[in-house]
Amino acid sequence: MSSQVHPPVHTQDNPPAERPVDALPLWRRFAPELPAELVAFSEIVPGGAHWSWRLRRGTALRFVALDERVNASVVLYAAHDTLERYNMPDSLKAQHTAHYRAGHVLMSDMGRAMASFTVDTLGWHDPLGALLDTPTMEARYGAKRFEDHRNAMQRSGRDGLLIETGKHGLTLRDQIAPVNLFSKVVVDGQGRFVFDAERSTKGAQLELRMDMDVILALSTAPHPLDPRPGYAPGRLGIAAWRRGPAPADDPCRRFRPETARALHNSDVFAIS
């Protein structure tokens, strides 16, 4: 056995006394155009990971795809009462759509706008493809558990969202259909869902403005219909900034009469 003594590995200095919290400005790497004085925090979420936060009305989340094969399965619950939550059927039929893009809003089952698409460089985000569950993941990619593979483990979107929503007192019975950001699913001539595996996502951006106080959770596991081989989901950049509530001339209010009504309902609720 060697008696050589190795020096300790130096990683990062402690933050200085005048700035004791080392909140790294990660957003400058992927969304430098955001106003620095309004940015609250930023994260880089690895592929196959999960994240959640309680967010106030007027907060905006800028999402940036840092790699190809990015999928972000997002769910929303009202912070004042989690029985009010994102409702996929009502949101789609009220806005006469089968996908989301800039101008659309995510509505609750009470007819209120929970969040709005204010920035979108892709133009199509999937609300119908549901979540990757663990049996499907293991059948497609094999099983890689934390006990054996540590950081190379594989986690399904369903399990990731159960972990995150559980932090806020929610259980399996509260799991709802997500919005799959950055993913595109179309319907073929036989009525089957088909995942668009050719579309490039790296560098794409979208932004959700919170129109109510919400609990938002997401998973960056692969889309359940993604046919590409190997478990290789991409990283997601997230920056939260204080955009403010929707103004009177907001494009989302003018997008459709139904979006204007949903935003009005959220405005009334905010002052009631």
# chains A, B, ... in the order shown; residues from 1 in each chain; ligands from 1
>>> residues_around(residues="Asn265 (chain A)", least_positions_apart="3", cutoff="9 Å", atoms="only C-alpha atoms", output="list in words")
Met110, Gly111, Arg112, Ala113, Ala260, Arg261, Ala262, Val268, Phe269 and Ala270 of chain A
>>> write_last_selection(atoms="C-alpha atoms", output="PDB file, in the first residue's frame")
ATOM      1  CA  MET A 110     -62.575  26.487 -11.465  1.00  0.00           C
ATOM      2  CA  GLY A 111     -62.119  28.313 -14.774  1.00  0.00           C
ATOM      3  CA  ARG A 112     -59.178  30.385 -13.558  1.00  0.00           C
ATOM      4  CA  ALA A 113     -55.891  30.907 -15.372  1.00  0.00           C
ATOM      5  CA  ALA A 260     -59.383  36.714 -21.365  1.00  0.00           C
ATOM      6  CA  ARG A 261     -62.156  35.285 -19.176  1.00  0.00           C
ATOM      7  CA  ALA A 262     -59.808  32.896 -17.383  1.00  0.00           C
ATOM      8  CA  VAL A 268     -60.947  38.791  -9.355  1.00  0.00           C
ATOM      9  CA  PHE A 269     -59.802  35.918  -7.130  1.00  0.00           C
ATOM     10  CA  ALA A 270     -56.539  37.741  -6.329  1.00  0.00           C
TER      11      ALA A 270
END
>>> select_by_dssp(residues="region 157-219 of chain A", states="helix (DSSP H, G or I)", output="VMD selection string")
chain A and resid 157 to 166 172 to 174
>>> write_last_selection(atoms="C-alpha atoms", output="PDB file, in the first residue's frame")
ATOM      1  CA  GLY A 157     -41.718  10.789 -14.714  1.00  0.00           C
ATOM      2  CA  ARG A 158     -44.504   9.328 -12.611  1.00  0.00           C
ATOM      3  CA  ASP A 159     -42.191   8.523  -9.704  1.00  0.00           C
ATOM      4  CA  GLY A 160     -40.438  11.887  -9.981  1.00  0.00           C
ATOM      5  CA  LEU A 161     -43.707  13.800  -9.740  1.00  0.00           C
ATOM      6  CA  LEU A 162     -44.919  11.634  -6.867  1.00  0.00           C
ATOM      7  CA  ILE A 163     -41.743  12.513  -4.953  1.00  0.00           C
ATOM      8  CA  GLU A 164     -42.123  16.243  -5.615  1.00  0.00           C
ATOM      9  CA  THR A 165     -45.853  16.578  -4.983  1.00  0.00           C
ATOM     10  CA  GLY A 166     -45.435  14.484  -1.834  1.00  0.00           C
ATOM     11  CA  LEU A 172     -50.999   9.247  -5.601  1.00  0.00           C
ATOM     12  CA  ARG A 173     -54.701  10.120  -5.726  1.00  0.00           C
ATOM     13  CA  ASP A 174     -53.706  13.739  -6.503  1.00  0.00           C
TER      14      ASP A 174
END
>>> closest_atom_pairs(of="region 160-181 of chain A", to="region 85-89 of chain A", cutoff="10 Å", atoms="only C-alpha atoms", output="CSV")
residue,atom,partner,partner_atom,distance
A:Asp174,CA,A:Arg85,CA,9.3
A:Ile176,CA,A:Tyr86,CA,7.8
A:Ala177,CA,A:Met88,CA,6.8
A:Pro178,CA,A:Met88,CA,7.9
A:Val179,CA,A:Met88,CA,8.2
>>> write_last_selection(atoms="all heavy atoms", output="short mmCIF file (atom, residue, chain, number, x, y, z; two decimals), in the first residue's frame")
data_model
loop_
_atom_site.label_atom_id
_atom_site.label_comp_id
_atom_site.auth_asym_id
_atom_site.auth_seq_id
_atom_site.Cartn_x
_atom_site.Cartn_y
_atom_site.Cartn_z
N ASP A 174 -53.73 12.36 -6.01
CA ASP A 174 -53.71 13.74 -6.50
C ASP A 174 -52.94 13.88 -7.82
O ASP A 174 -52.85 15.00 -8.35
CB ASP A 174 -53.06 14.66 -5.46
CG ASP A 174 -53.84 14.71 -4.17
OD1 ASP A 174 -55.01 15.12 -4.22
OD2 ASP A 174 -53.28 14.35 -3.12
N ILE A 176 -52.16 14.17 -11.57
CA ILE A 176 -52.99 14.65 -12.68
C ILE A 176 -52.20 14.56 -13.98
O ILE A 176 -50.99 14.36 -13.98
CB ILE A 176 -53.45 16.10 -12.44
CG1 ILE A 176 -52.24 17.03 -12.25
CG2 ILE A 176 -54.40 16.18 -11.25
CD1 ILE A 176 -52.59 18.51 -12.12
N ALA A 177 -52.90 14.73 -15.08
CA ALA A 177 -52.24 14.74 -16.39
C ALA A 177 -51.32 15.95 -16.47
O ALA A 177 -51.73 17.07 -16.14
CB ALA A 177 -53.29 14.80 -17.50
N PRO A 178 -50.08 15.77 -16.92
CA PRO A 178 -49.14 16.89 -17.00
C PRO A 178 -49.19 17.58 -18.35
O PRO A 178 -49.82 17.10 -19.30
CB PRO A 178 -47.79 16.18 -16.83
CG PRO A 178 -48.00 14.89 -17.60
CD PRO A 178 -49.44 14.50 -17.32
N VAL A 179 -48.50 18.70 -18.44
CA VAL A 179 -48.14 19.32 -19.72
C VAL A 179 -46.70 18.92 -20.00
O VAL A 179 -45.82 19.13 -19.16
CB VAL A 179 -48.25 20.85 -19.65
CG1 VAL A 179 -47.90 21.46 -21.00
CG2 VAL A 179 -49.65 21.28 -19.21
#
>>> atom_distance(atom1="CA of Pro46 (chain A)", atom2="CA of Lys184 (chain A)")
20.5 Å
>>> residues_around(residues="Pro247 (chain A)", least_positions_apart="6", cutoff="12 Å", atoms="only C-alpha atoms", output="list in words")
Gly58, Arg209, Asp211, Arg253, Arg254, Ala260, Leu263, His264 and Asp267 of chain A
>>> closest_residue(among="A:Val21, A:Ala246, A:Ala197, A:Leu132", to="Gly48 (chain A)", atoms="only C-alpha atoms")
A:Leu132
>>> closest_atom_pairs(of="region 161-215 of chain A", to="region 63-84 of chain A", cutoff="7 Å", atoms="only C-alpha atoms", output="CSV")
residue,atom,partner,partner_atom,distance
A:Pro178,CA,A:Val75,CA,5.0
A:Val179,CA,A:Val74,CA,5.1
A:Asn180,CA,A:Ser73,CA,4.4
A:Leu181,CA,A:Ala72,CA,5.0
A:Phe182,CA,A:Asn71,CA,5.5
A:Ser183,CA,A:Asn71,CA,6.0
A:Ser200,CA,A:Glu68,CA,6.5
A:Thr201,CA,A:Glu68,CA,5.3
A:Lys202,CA,A:Asp67,CA,4.6
A:Gly203,CA,A:Ala65,CA,5.2
A:Ala204,CA,A:Ala65,CA,5.4
A:Gln205,CA,A:Val64,CA,4.5
A:Leu206,CA,A:Phe63,CA,5.4
A:Glu207,CA,A:Phe63,CA,5.9
A:Asp213,CA,A:Ala79,CA,5.4
A:Val214,CA,A:Ala79,CA,4.5
A:Ile215,CA,A:Tyr77,CA,5.1
>>> atom_distance(atom1="CA of Ala248 (chain A)", atom2="CA of Ser266 (chain A)")
13.0 Å
>>> residues_around(residues="Arg242 (chain A)", least_positions_apart="6", cutoff="7 Å", atoms="only C-alpha atoms", output="number ranges by chain")
A: 38-39, 58-60
>>> closest_residue(among="A:Gln190, A:Lys167, A:Tyr231, A:His125", to="Arg54 (chain A)", atoms="only C-alpha atoms")
A:Lys167
>>> atom_distance(atom1="CA of Phe195 (chain A)", atom2="CA of Pro222 (chain A)")
11.5 Å
>>> residues_around(residues="Pro35 (chain A)", least_positions_apart="3", cutoff="12 Å", atoms="only C-alpha atoms", output="PyMOL selection string")
chain A and resi 27-28+31-32+38-40+239-243
>>> closest_residue(among="A:Asp22, A:Asp196, A:Asp120, A:Glu147", to="Tyr100 (chain A)", atoms="only C-alpha atoms")
A:Asp120
